[in-house]
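Participant: Got a structure for you, upload-v8.tsv, holding TSV, C-alpha atoms.
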```tsv
chain	number	residue	atom	x	y	z
A	24	MET	CA	-16.49	30.58	16.51
A	25	ASN	CA	-16.32	29.52	12.86
A	26	ARG	CA	-18.43	26.51	11.95
A	27	VAL	CA	-16.44	23.46	10.84
A	28	ARG	CA	-17.11	22.71	7.18
A	29	SER	CA	-18.20	19.25	6.10
A	30	VAL	CA	-16.46	17.24	3.40
A	31	ASP	CA	-19.05	18.06	0.77
A	32	GLU	CA	-18.79	21.77	1.60
A	33	TRP	CA	-15.03	21.66	1.08
A	34	VAL	CA	-15.60	19.94	-2.26
A	35	VAL	CA	-18.09	22.61	-3.32
A	36	LEU	CA	-15.66	25.32	-2.22
A	37	LEU	CA	-12.96	23.74	-4.37
A	38	SER	CA	-15.10	24.26	-7.49
A	39	THR	CA	-16.73	27.58	-6.64
A	40	SER	CA	-13.86	29.57	-5.15
A	41	SER	CA	-10.48	30.79	-6.35
A	42	GLY	CA	-7.21	32.04	-4.93
A	43	PRO	CA	-6.55	31.45	-1.21
A	44	GLU	CA	-9.95	29.84	-0.58
A	45	GLN	CA	-9.45	27.26	-3.30
A	46	GLU	CA	-5.93	26.58	-2.04
A	47	GLU	CA	-7.32	26.07	1.47
A	48	ALA	CA	-9.90	23.64	0.10
A	49	GLN	CA	-7.23	21.73	-1.81
A	50	GLU	CA	-5.09	21.48	1.32
A	51	TRP	CA	-7.96	20.30	3.53
A	52	LEU	CA	-9.15	17.72	1.01
A	53	GLY	CA	-5.62	16.47	0.45
A	54	ASP	CA	-5.19	15.96	4.17
A	55	ALA	CA	-8.56	14.16	4.31
A	56	LEU	CA	-7.54	11.80	1.51
A	57	GLY	CA	-4.44	10.88	3.50
A	58	ALA	CA	-6.09	10.72	6.92
A	59	GLU	CA	-5.87	7.67	9.19
A	60	ASP	CA	-9.67	7.50	9.31
A	61	ASP	CA	-10.67	5.04	6.55
A	62	LEU	CA	-14.22	6.35	6.42
A	63	LEU	CA	-13.07	9.97	6.00
A	64	ARG	CA	-10.68	8.99	3.23
A	65	GLU	CA	-13.34	7.07	1.33
A	66	ARG	CA	-16.07	9.69	1.78
A	67	THR	CA	-13.74	12.43	0.60
A	68	ALA	CA	-12.74	10.48	-2.49
A	69	GLN	CA	-16.36	9.64	-3.29
A	70	PHE	CA	-17.43	13.28	-2.99
A	71	LEU	CA	-14.59	14.35	-5.29
A	72	LEU	CA	-15.38	11.69	-7.89
A	73	ASP	CA	-19.05	12.67	-7.86
A	74	ALA	CA	-18.27	16.38	-8.06
A	75	MET	CA	-15.88	15.92	-10.97
A	76	VAL	CA	-18.69	15.17	-13.43
A	77	ARG	CA	-21.05	17.96	-12.36
A	78	PRO	CA	-21.49	21.02	-14.60
A	79	GLY	CA	-19.02	23.75	-13.71
A	80	ALA	CA	-16.75	21.43	-11.72
A	81	ALA	CA	-13.14	22.49	-11.21
A	82	VAL	CA	-11.93	19.31	-12.92
A	83	GLY	CA	-8.30	20.35	-12.90
A	84	ALA	CA	-8.27	21.13	-9.18
A	85	ILE	CA	-10.05	17.88	-8.32
A	86	LEU	CA	-7.70	15.75	-10.43
A	87	SER	CA	-4.72	17.55	-8.89
A	88	VAL	CA	-5.87	16.69	-5.36
A	89	LEU	CA	-6.57	13.07	-6.28
A	90	GLN	CA	-3.24	12.67	-8.06
A	91	VAL	CA	-1.23	14.09	-5.19
A	92	ALA	CA	-2.99	12.70	-2.13
A	93	TRP	CA	-5.13	9.68	-3.03
A	94	TRP	CA	-2.95	6.64	-2.44
A	95	PRO	CA	-3.79	3.86	-2.36
A	96	PRO	CA	-7.21	4.19	-3.96
A	97	PRO	CA	-9.50	1.55	-2.43
A	98	ALA	CA	-10.39	-1.21	-4.89
A	99	ARG	CA	-14.10	-0.73	-4.21
A	100	LEU	CA	-13.92	2.79	-5.69
A	101	ALA	CA	-11.85	1.77	-8.71
A	102	ASP	CA	-14.78	1.41	-11.10
A	103	ALA	CA	-16.30	4.73	-10.02
A	104	ALA	CA	-12.92	6.43	-10.36
A	105	VAL	CA	-12.34	5.26	-13.93
A	106	ARG	CA	-15.88	6.21	-14.96
A	107	SER	CA	-15.70	9.67	-13.36
A	108	VAL	CA	-12.26	10.49	-14.71
A	109	THR	CA	-13.21	9.33	-18.21
A	110	ALA	CA	-16.41	11.35	-18.18
A	111	ALA	CA	-14.66	14.47	-16.89
A	112	LEU	CA	-11.97	14.22	-19.57
A	113	THR	CA	-14.56	14.53	-22.34
A	114	GLY	CA	-14.95	18.16	-21.33
A	115	LEU	CA	-11.23	18.96	-21.71
A	116	GLU	CA	-8.93	19.60	-24.64
A	117	ALA	CA	-6.27	16.93	-25.15
A	118	GLY	CA	-3.54	19.46	-24.38
A	119	HIS	CA	-5.05	20.57	-21.06
A	120	PRO	CA	-2.56	20.21	-18.14
A	121	ALA	CA	-5.16	18.31	-16.10
A	122	VAL	CA	-5.00	15.40	-18.56
A	123	GLU	CA	-1.59	14.49	-17.15
A	124	ASP	CA	-3.05	14.38	-13.63
A	125	ALA	CA	-5.84	12.19	-14.97
A	126	ALA	CA	-3.28	9.76	-16.40
A	127	LEU	CA	-1.63	9.48	-12.99
A	128	VAL	CA	-4.97	8.86	-11.25
A	129	LEU	CA	-5.90	6.18	-13.77
A	130	ALA	CA	-2.52	4.51	-13.37
A	131	ASN	CA	-2.82	4.46	-9.58
A	132	VAL	CA	-6.30	2.95	-9.79
A	133	CYS	CA	-5.14	0.23	-12.19
A	134	ARG	CA	-2.13	-0.58	-10.04
A	135	VAL	CA	-4.44	-1.20	-7.09
A	136	GLU	CA	-7.18	-2.95	-9.10
A	137	PRO	CA	-5.75	-4.65	-12.24
A	138	ALA	CA	-9.28	-5.60	-13.31
A	139	GLN	CA	-9.63	-1.97	-14.45
A	140	LEU	CA	-7.06	-2.58	-17.20
A	141	ALA	CA	-9.95	-3.68	-19.42
A	142	ALA	CA	-11.57	-0.27	-18.96
A	143	LEU	CA	-8.22	1.40	-19.64
A	144	GLU	CA	-7.87	-0.58	-22.86
A	145	ALA	CA	-11.32	0.58	-23.92
A	146	ALA	CA	-10.32	4.18	-23.14
A	147	LEU	CA	-7.41	3.86	-25.59
A	148	GLY	CA	-10.02	3.68	-28.35
A	149	HIS	CA	-12.31	6.38	-26.97
A	150	ALA	CA	-13.68	8.97	-29.38
A	151	HIS	CA	-12.37	11.90	-27.31
A	152	PRO	CA	-8.63	12.73	-27.66
A	153	ALA	CA	-8.23	13.75	-24.00
A	154	VAL	CA	-9.43	10.32	-22.88
A	155	ARG	CA	-7.05	8.57	-25.27
A	156	ARG	CA	-4.15	10.75	-24.14
A	157	ALA	CA	-4.79	10.07	-20.45
A	158	ALA	CA	-5.20	6.33	-21.03
A	159	ALA	CA	-2.04	6.17	-23.13
A	160	GLY	CA	-0.11	8.09	-20.49
A	161	ALA	CA	-1.37	5.80	-17.75
A	162	VAL	CA	-0.10	2.62	-19.43
A	163	GLY	CA	3.58	3.45	-18.98
A	164	ARG	CA	3.12	4.21	-15.30
A	165	ILE	CA	1.50	0.89	-14.38
A	166	GLY	CA	4.39	-1.47	-15.04
A	167	ASP	CA	4.36	-5.17	-15.89
A	168	ALA	CA	0.59	-5.57	-15.70
A	169	ALA	CA	0.13	-3.10	-18.57
A	170	VAL	CA	2.48	-4.84	-21.02
A	171	PRO	CA	-0.44	-6.55	-22.86
A	172	LEU	CA	-1.71	-3.06	-23.73
A	173	LEU	CA	1.48	-1.99	-25.54
A	174	PRO	CA	0.32	-3.16	-28.99
A	175	ARG	CA	-2.69	-0.86	-28.59
A	176	LEU	CA	-0.32	2.11	-28.23
A	177	VAL	CA	1.40	1.65	-31.58
A	178	PRO	CA	-1.51	2.91	-33.75
A	179	LEU	CA	-1.83	5.93	-31.45
A	180	LEU	CA	1.57	7.13	-32.66
A	181	LYS	CA	-0.32	8.32	-35.76
A	182	ALA	CA	-2.95	10.15	-33.69
A	183	GLU	CA	-3.13	13.79	-32.58
A	184	GLU	CA	0.20	15.12	-31.29
A	185	ASP	CA	-0.77	15.09	-27.59
A	186	VAL	CA	-2.10	11.54	-27.84
A	187	ALA	CA	0.87	10.33	-29.87
A	188	GLY	CA	3.32	11.88	-27.42
A	189	ALA	CA	1.71	10.10	-24.47
A	190	ALA	CA	1.73	6.79	-26.35
A	191	LEU	CA	5.40	7.25	-27.23
A	192	GLU	CA	6.37	7.97	-23.64
A	193	SER	CA	4.60	4.84	-22.41
A	194	LEU	CA	6.14	2.67	-25.12
A	195	GLY	CA	9.55	3.92	-24.09
A	196	ALA	CA	8.88	3.40	-20.40
A	197	LEU	CA	7.92	-0.27	-20.87
A	198	ALA	CA	10.12	-1.05	-23.89
A	199	SER	CA	12.46	-3.38	-22.01
A	200	LEU	CA	9.47	-5.51	-20.91
A	201	ALA	CA	8.29	-6.07	-24.48
A	202	PRO	CA	11.11	-5.12	-26.89
A	203	GLU	CA	9.51	-7.09	-29.73
A	204	VAL	CA	6.56	-4.67	-29.64
A	205	ALA	CA	8.29	-1.43	-28.71
A	206	THR	CA	11.51	-1.57	-30.73
A	207	PRO	CA	10.04	-1.39	-34.28
A	208	ALA	CA	7.72	1.45	-33.28
A	209	LEU	CA	10.50	3.40	-31.57
A	210	LEU	CA	12.81	2.86	-34.52
A	211	GLU	CA	10.18	4.16	-36.94
A	212	GLU	CA	9.84	7.26	-34.76
A	213	ALA	CA	13.63	7.70	-34.83
A	214	ARG	CA	13.52	7.54	-38.63
A	215	THR	CA	10.66	9.97	-39.16
A	216	ALA	CA	9.92	12.13	-36.10
A	217	GLU	CA	11.29	15.54	-35.25
A	218	GLY	CA	11.74	17.64	-32.14
A	219	THR	CA	10.51	16.25	-28.85
A	220	ARG	CA	9.21	13.02	-30.36
A	221	LEU	CA	12.55	12.30	-31.98
A	222	TYR	CA	14.27	12.95	-28.66
A	223	LEU	CA	11.89	10.62	-26.81
A	224	ALA	CA	12.41	7.87	-29.38
A	225	LEU	CA	16.18	8.17	-29.14
A	226	THR	CA	16.27	8.17	-25.33
A	227	SER	CA	13.97	5.15	-25.25
A	228	LEU	CA	16.10	3.21	-27.74
A	229	ARG	CA	19.26	4.10	-25.84
A	230	SER	CA	17.72	2.90	-22.57
A	231	LEU	CA	16.64	-0.30	-24.29
A	232	MET	CA	20.17	-0.94	-25.56
A	233	GLU	CA	21.74	-0.13	-22.21
A	234	ASP	CA	19.33	-2.49	-20.45
A	235	ALA	CA	20.15	-5.31	-22.87
A	236	ARG	CA	23.90	-4.75	-22.48
A	237	ARG	CA	23.60	-4.61	-18.69
A	238	LYS	CA	21.72	-7.91	-18.61
A	239	GLY	CA	24.10	-9.54	-21.07
A	240	GLY	CA	21.28	-10.37	-23.45
A	241	ALA	CA	21.03	-10.10	-27.21
A	242	LEU	CA	20.86	-6.55	-28.48
A	243	PRO	CA	17.62	-5.62	-30.24
A	244	ALA	CA	17.90	-5.50	-34.02
A	245	LEU	CA	17.79	-1.92	-35.28
A	246	PRO	CA	17.86	-2.08	-39.09
A	247	ASP	CA	18.84	1.10	-40.93
A	248	LEU	CA	19.52	2.84	-37.62
A	249	GLN	CA	22.75	4.39	-38.81
A	250	GLU	CA	21.07	6.26	-41.64
A	251	ALA	CA	18.42	7.52	-39.23
A	252	MET	CA	21.11	8.72	-36.84
A	253	ARG	CA	22.95	10.57	-39.57
A	254	ARG	CA	19.75	12.59	-39.98
A	255	ALA	CA	19.46	13.12	-36.22
A	256	LEU	CA	23.05	14.33	-36.01
A	257	LYS	CA	22.05	17.31	-38.14
A	258	GLU	CA	19.34	18.43	-35.70
A	259	ALA	CA	19.80	21.88	-34.17
A	260	GLU	CA	18.91	20.74	-30.65
A	261	PRO	CA	22.11	19.58	-28.83
A	262	ALA	CA	20.22	17.07	-26.68
A	263	ILE	CA	19.08	15.22	-29.82
A	264	ARG	CA	22.64	15.08	-31.16
A	265	VAL	CA	23.83	13.75	-27.79
A	266	GLU	CA	21.25	10.95	-27.86
A	267	ALA	CA	22.01	10.07	-31.49
A	268	LEU	CA	25.73	9.82	-30.76
A	269	SER	CA	25.16	7.78	-27.60
A	270	LEU	CA	22.91	5.37	-29.46
A	271	LEU	CA	25.39	4.95	-32.32
A	272	GLY	CA	28.11	4.17	-29.83
A	273	LEU	CA	25.99	1.42	-28.27
A	274	THR	CA	24.97	-0.20	-31.56
A	275	GLY	CA	28.25	-0.48	-33.47
A	276	PRO	CA	30.12	-1.48	-35.51
A	277	ALA	CA	29.53	1.48	-37.79
A	278	SER	CA	30.34	2.08	-41.43
A	279	PRO	CA	33.27	4.35	-42.29
A	280	ALA	CA	30.79	7.01	-43.39
A	281	VAL	CA	29.04	6.92	-40.01
A	282	GLN	CA	32.35	6.98	-38.14
A	283	GLU	CA	33.31	10.05	-40.17
A	284	ALA	CA	30.02	11.73	-39.31
A	285	VAL	CA	30.57	11.00	-35.61
A	286	ALA	CA	34.16	12.25	-35.74
A	287	GLY	CA	32.94	15.49	-37.25
A	288	HIS	CA	31.17	16.25	-33.98
A	289	LEU	CA	34.43	16.36	-32.06
A	290	GLN	CA	34.38	19.97	-33.24
A	291	ASP	CA	30.74	20.49	-32.24
A	292	ALA	CA	30.12	23.88	-30.65
A	293	ASN	CA	28.29	22.19	-27.77
A	294	PRO	CA	30.80	20.59	-25.35
A	295	SER	CA	28.43	17.79	-24.31
A	296	VAL	CA	27.89	16.80	-27.94
A	297	ALA	CA	31.64	16.81	-28.56
A	298	ALA	CA	32.31	14.66	-25.48
A	299	CYS	CA	29.60	12.17	-26.49
A	300	ALA	CA	31.11	11.99	-29.97
A	301	ALA	CA	34.46	11.10	-28.41
A	302	VAL	CA	32.95	8.34	-26.28
A	303	ALA	CA	30.99	7.01	-29.27
A	304	LEU	CA	34.19	6.78	-31.31
A	305	LEU	CA	35.89	4.81	-28.54
A	306	ARG	CA	32.94	2.42	-28.38
A	307	LEU	CA	32.91	2.02	-32.17
A	308	GLY	CA	36.58	1.03	-32.27
A	309	ALA	CA	37.59	4.07	-34.33
A	310	PRO	CA	41.13	5.45	-34.00
A	311	ALA	CA	41.24	6.52	-30.36
A	312	GLN	CA	43.70	9.42	-30.37
A	313	PRO	CA	41.39	12.19	-31.68
A	314	ALA	CA	38.72	11.21	-29.16
A	315	LEU	CA	41.16	11.00	-26.26
A	316	SER	CA	42.72	14.35	-27.16
A	317	LEU	CA	39.33	16.03	-27.10
A	318	LEU	CA	38.41	14.52	-23.73
A	319	GLN	CA	41.81	15.43	-22.23
A	320	THR	CA	41.47	19.01	-23.45
A	321	GLN	CA	38.03	19.30	-21.88
A	322	LEU	CA	39.09	17.74	-18.57
A	323	SER	CA	42.14	19.98	-18.36
A	324	SER	CA	40.21	23.21	-19.02
A	325	VAL	CA	40.35	24.52	-15.45
A	326	ASP	CA	38.88	27.88	-16.47
A	327	ALA	CA	35.93	26.27	-18.27
A	328	PRO	CA	33.85	24.18	-15.84
A	329	ALA	CA	31.29	23.48	-18.57
A	330	LEU	CA	33.94	21.68	-20.63
A	331	GLN	CA	35.11	19.65	-17.66
A	332	GLY	CA	31.56	18.76	-16.71
A	333	ALA	CA	30.73	17.64	-20.26
A	334	ALA	CA	33.68	15.26	-20.38
A	335	LEU	CA	33.01	13.86	-16.91
A	336	SER	CA	29.32	13.29	-17.64
A	337	ALA	CA	30.16	11.42	-20.83
A	338	LEU	CA	32.87	9.28	-19.22
A	339	GLU	CA	30.89	8.40	-16.11
A	340	GLU	CA	28.40	6.48	-18.27
A	341	VAL	CA	31.06	4.38	-20.00
A	342	GLU	CA	31.50	0.67	-19.33
A	343	PRO	CA	34.95	-0.48	-18.05
A	344	ALA	CA	35.95	-2.16	-21.32
A	345	THR	CA	35.67	1.14	-23.19
A	346	LEU	CA	36.91	3.31	-20.34
A	347	GLY	CA	40.09	1.22	-20.31
A	348	GLN	CA	41.05	2.78	-23.65
A	349	ALA	CA	41.24	6.10	-21.84
A	350	LYS	CA	43.31	4.87	-18.90
A	351	GLY	CA	46.54	6.57	-19.97
A	352	MET	CA	44.75	9.84	-20.68
A	353	LEU	CA	42.97	9.75	-17.33
A	354	LYS	CA	46.27	9.15	-15.53
A	355	THR	CA	47.80	12.15	-17.28
A	356	VAL	CA	44.90	14.34	-16.17
A	357	VAL	CA	45.23	13.15	-12.57
A	358	ASP	CA	49.01	13.80	-12.61
A	359	THR	CA	48.73	17.28	-14.11
A	360	SER	CA	45.60	18.83	-12.56
A	361	SER	CA	44.01	19.60	-9.22
A	362	GLY	CA	40.66	20.34	-7.66
A	363	PRO	CA	37.28	18.60	-7.87
A	364	THR	CA	37.74	17.52	-11.49
A	365	ARG	CA	40.99	15.75	-10.64
A	366	ASP	CA	39.21	13.95	-7.79
A	367	ALA	CA	36.39	12.83	-10.09
A	368	VAL	CA	38.83	11.63	-12.74
A	369	LYS	CA	40.76	9.70	-10.07
A	370	VAL	CA	37.55	7.88	-9.10
A	371	LEU	CA	37.13	6.85	-12.75
A	372	LEU	CA	40.74	5.74	-12.91
A	373	ASP	CA	40.51	3.77	-9.67
A	374	SER	CA	37.43	1.95	-10.99
A	375	LEU	CA	39.65	0.35	-13.62
A	376	GLY	CA	41.89	-1.23	-10.97
```
The structure given in the file should be rewritten as structure tokens.

Facilitator:
Amino acid sequence: MNRVRSVDEWVVLLSTSSGPEQEEAQEWLGDALGAEDDLLRERTAQFLLDAMVRPGAAVGAILSVLQVAWWPPPARLADAAVRSVTAALTGLEAGHPAVEDAALVLANVCRVEPAQLAALEAALGHAHPAVRRAAAGAVGRIGDAAVPLLPRLVPLLKAEEDVAGAALESLGALASLAPEVATPALLEEARTAEGTRLYLALTSLRSLMEDARRKGGALPALPDLQEAMRRALKEAEPAIRVEALSLLGLTGPASPAVQEAVAGHLQDANPSVAACAAVALLRLGAPAQPALSLLQTQLSSVDAPALQGAALSALEEVEPATLGQAKGMLKTVVDTSSGPTRDAVKVLLDSLG
């Protein structure tokens, strides 16, 4: 009969084995972290936290187990958890996949024990980039309690790319809780960033605007946004053009030059971009017919599901006041088509009463 391994033996096996044995150790330790036995849960977590800082530890595997299975972390282990995770991160590159797991562990610990937010704030200024990245990534996952840390994220937008990306994500996640802090930083990113960071800035600003409109509050001031969006509309990545058009539609009125730039994307090769351009024009109060014609053509393209899906996705996000401009067009589509697209359009039409 095989001898039953102890907790510490499973922890050792996690760091010293590979393949099926390591997977077995991860599974057993995950189950132990979620067991009904409080003592087993705490002993397992303590062994993992201690093992994480030993030479040769499988830091990534340990953080993965803790991130997946350790909830809620007991408050009495919060200090040890933050110290162990921080120490382990100093042995990793900032771009290591395990840093993301570390951010999740830190966030969970701070959610259970808010007193650890002081240690998290200190980690934002740590000398090692992996520690700063994990701390920055944790902030956005904590919620209201982490709002006081948002000003500490803004300087990190000038840091190494991995650190800056984590800071940007957290700023976007909590932007609606502190728009006076997040909005200027996000807007500066929209003006200057490229690629993924530009996309994140645009999605965050759009979410911020949508939240303000939904709550009926004042819209955040976004000076010089239209010029920044004209730059974004030239990006090769369709998702960036979609976000730029959506944001312009939410922040009108727009200058004639901007309206012209938006209208030019009715001929965009990407159907989602074209549909978003049409919706943006309706929101901006531009002449409606070109936009409505584009949307009707897409919705009526029975042999091109991608076109139909692009138009539906764009229209399903539109508020009733704007959707009302398309009421006649939607009725025409319902009267002249069939199938799932017709049914979806009818739902939109019925929502207008």

Participant: Measuring between all atoms listed in the file, which one of A:Gly239, A:Pro43, A:Val281, A:Leu37 shows the shortest distance to A:Met252?

Facilitator: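 Looking at the shortest contact to A:Met252, the residue is A:Val281.
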
Participant: Given 4 Å on each side, where is the centre and what are the edge lengths in Å to one decimal of the axis-aligned box enclosing the listed atoms of stretch 256-270 of chain A, as AutoDock Vina command-line options?

Facilitator:
```
--center_x 22.3 --center_y 13.6 --center_z -32.4 --size_x 14.8 --size_y 24.5 --size_z 19.5
```

Participant: Within 7 Å of stretch 303-307 of chain A, counting all atoms listed in the file, which residues show up once you throw out same-chain ones fewer than 6 positions away? Write them as number ranges by chain, please.

Facilitator: A: 268-269, 271-272, 275-277, 314, 345

Participant: Give me the residues near A:Lys181 as a list in words, where near means some atom within 12 Å (using only C-alpha atoms) and where sequence neighbours in that chain fewer than 4 positions away do not count.

Facilitator: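 Skipping anything fewer than 4 positions along the chain leaves Arg175, Leu176, Val177, Asp185, Val186, Ala187, Gly188, Ala189, Ala190, Leu191, Ala208, Glu211, Glu212, Thr215, Ala216 and Arg220 of chain A.
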
Participant: Which residues are near A:Val135? Cut-off 10 Å, only C-alpha atoms, ignore same chain within fewer than 3 positions. Put them as a compact mmCIF listing (two decimals) with C-alpha atoms, in the coordinates of the input.

Facilitator:
```txt
# COMPACT_ATOMS: atom_id res chain seq x y z
CA TRP A 94 -2.95 6.64 -2.44
CA PRO A 95 -3.79 3.86 -2.36
CA PRO A 96 -7.21 4.19 -3.96
CA PRO A 97 -9.50 1.55 -2.43
CA ALA A 98 -10.39 -1.21 -4.89
CA ALA A 101 -11.85 1.77 -8.71
CA ALA A 130 -2.52 4.51 -13.37
CA ASN A 131 -2.82 4.46 -9.58
CA VAL A 132 -6.30 2.95 -9.79
CA ALA A 138 -9.28 -5.60 -13.31
CA GLN A 139 -9.63 -1.97 -14.45
CA ILE A 165 1.50 0.89 -14.38
```

Participant: Please identify all polymer residues within 8 Å of stretch 366-369 of chain A, counting only C-alpha atoms, omitting same-chain residues fewer than 6 positions from it, and present them as a PDB file with C-alpha atoms, in the frame of the given file.

Facilitator:
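Writing done, so here's result-v2.pdb:
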```pdb
ATOM      1  CA  LEU A 335      33.010  13.860 -16.910  1.00  0.00           C
ATOM      2  CA  LEU A 353      42.970   9.750 -17.330  1.00  0.00           C
ATOM      3  CA  LYS A 354      46.270   9.150 -15.530  1.00  0.00           C
ATOM      4  CA  VAL A 356      44.900  14.340 -16.170  1.00  0.00           C
ATOM      5  CA  VAL A 357      45.230  13.150 -12.570  1.00  0.00           C
TER       6      VAL A 357
END
```

Participant: Please complete stretch 238-245 of chain A so it has all heavy atoms, and hand it over as a JSON list (two decimals), in the coordinates of the input.

Facilitator:
```
[["chain", "number", "residue", "atom", "x", "y", "z"],
["A", 238, "LYS", "N", 22.19, -6.56, -18.94],
["A", 238, "LYS", "CA", 21.72, -7.91, -18.61],
["A", 238, "LYS", "C", 22.48, -8.99, -19.38],
["A", 238, "LYS", "O", 22.26, -10.19, -19.15],
["A", 238, "LYS", "CB", 20.23, -8.02, -18.92],
["A", 238, "LYS", "CG", 19.35, -7.15, -18.02],
["A", 238, "LYS", "CD", 17.89, -7.24, -18.44],
["A", 238, "LYS", "CE", 17.01, -6.40, -17.52],
["A", 238, "LYS", "NZ", 15.60, -6.40, -17.97],
["A", 239, "GLY", "N", 23.34, -8.56, -20.30],
["A", 239, "GLY", "CA", 24.10, -9.54, -21.07],
["A", 239, "GLY", "C", 23.28, -10.27, -22.10],
["A", 239, "GLY", "O", 23.68, -11.34, -22.59],
["A", 240, "GLY", "N", 22.13, -9.73, -22.47],
["A", 240, "GLY", "CA", 21.28, -10.37, -23.45],
["A", 240, "GLY", "C", 21.59, -9.92, -24.86],
["A", 240, "GLY", "O", 22.46, -9.08, -25.10],
["A", 241, "ALA", "N", 20.85, -10.49, -25.81],
["A", 241, "ALA", "CA", 21.03, -10.10, -27.21],
["A", 241, "ALA", "C", 20.52, -8.69, -27.41],
["A", 241, "ALA", "O", 19.48, -8.30, -26.88],
["A", 241, "ALA", "CB", 20.27, -11.07, -28.11],
["A", 242, "LEU", "N", 21.28, -7.92, -28.19],
["A", 242, "LEU", "CA", 20.86, -6.55, -28.48],
["A", 242, "LEU", "C", 19.71, -6.55, -29.48],
["A", 242, "LEU", "O", 19.71, -7.33, -30.43],
["A", 242, "LEU", "CB", 22.03, -5.75, -29.03],
["A", 242, "LEU", "CG", 23.25, -5.59, -28.12],
["A", 242, "LEU", "CD1", 24.30, -4.73, -28.80],
["A", 242, "LEU", "CD2", 22.86, -4.98, -26.79],
["A", 243, "PRO", "N", 18.73, -5.70, -29.28],
["A", 243, "PRO", "CA", 17.62, -5.62, -30.24],
["A", 243, "PRO", "C", 18.13, -5.24, -31.63],
["A", 243, "PRO", "O", 19.06, -4.44, -31.78],
["A", 243, "PRO", "CB", 16.73, -4.51, -29.67],
["A", 243, "PRO", "CG", 17.11, -4.41, -28.24],
["A", 243, "PRO", "CD", 18.55, -4.77, -28.16],
["A", 244, "ALA", "N", 17.53, -5.84, -32.64],
["A", 244, "ALA", "CA", 17.90, -5.50, -34.02],
["A", 244, "ALA", "C", 17.33, -4.12, -34.36],
["A", 244, "ALA", "O", 16.15, -3.85, -34.13],
["A", 244, "ALA", "CB", 17.36, -6.55, -34.98],
["A", 245, "LEU", "N", 18.20, -3.27, -34.91],
["A", 245, "LEU", "CA", 17.79, -1.92, -35.28],
["A", 245, "LEU", "C", 18.19, -1.65, -36.74],
["A", 245, "LEU", "O", 19.15, -0.93, -37.01],
["A", 245, "LEU", "CB", 18.43, -0.88, -34.36],
["A", 245, "LEU", "CG", 18.11, -1.01, -32.87],
["A", 245, "LEU", "CD1", 18.90, 0.01, -32.06],
["A", 245, "LEU", "CD2", 16.61, -0.82, -32.62]]
```
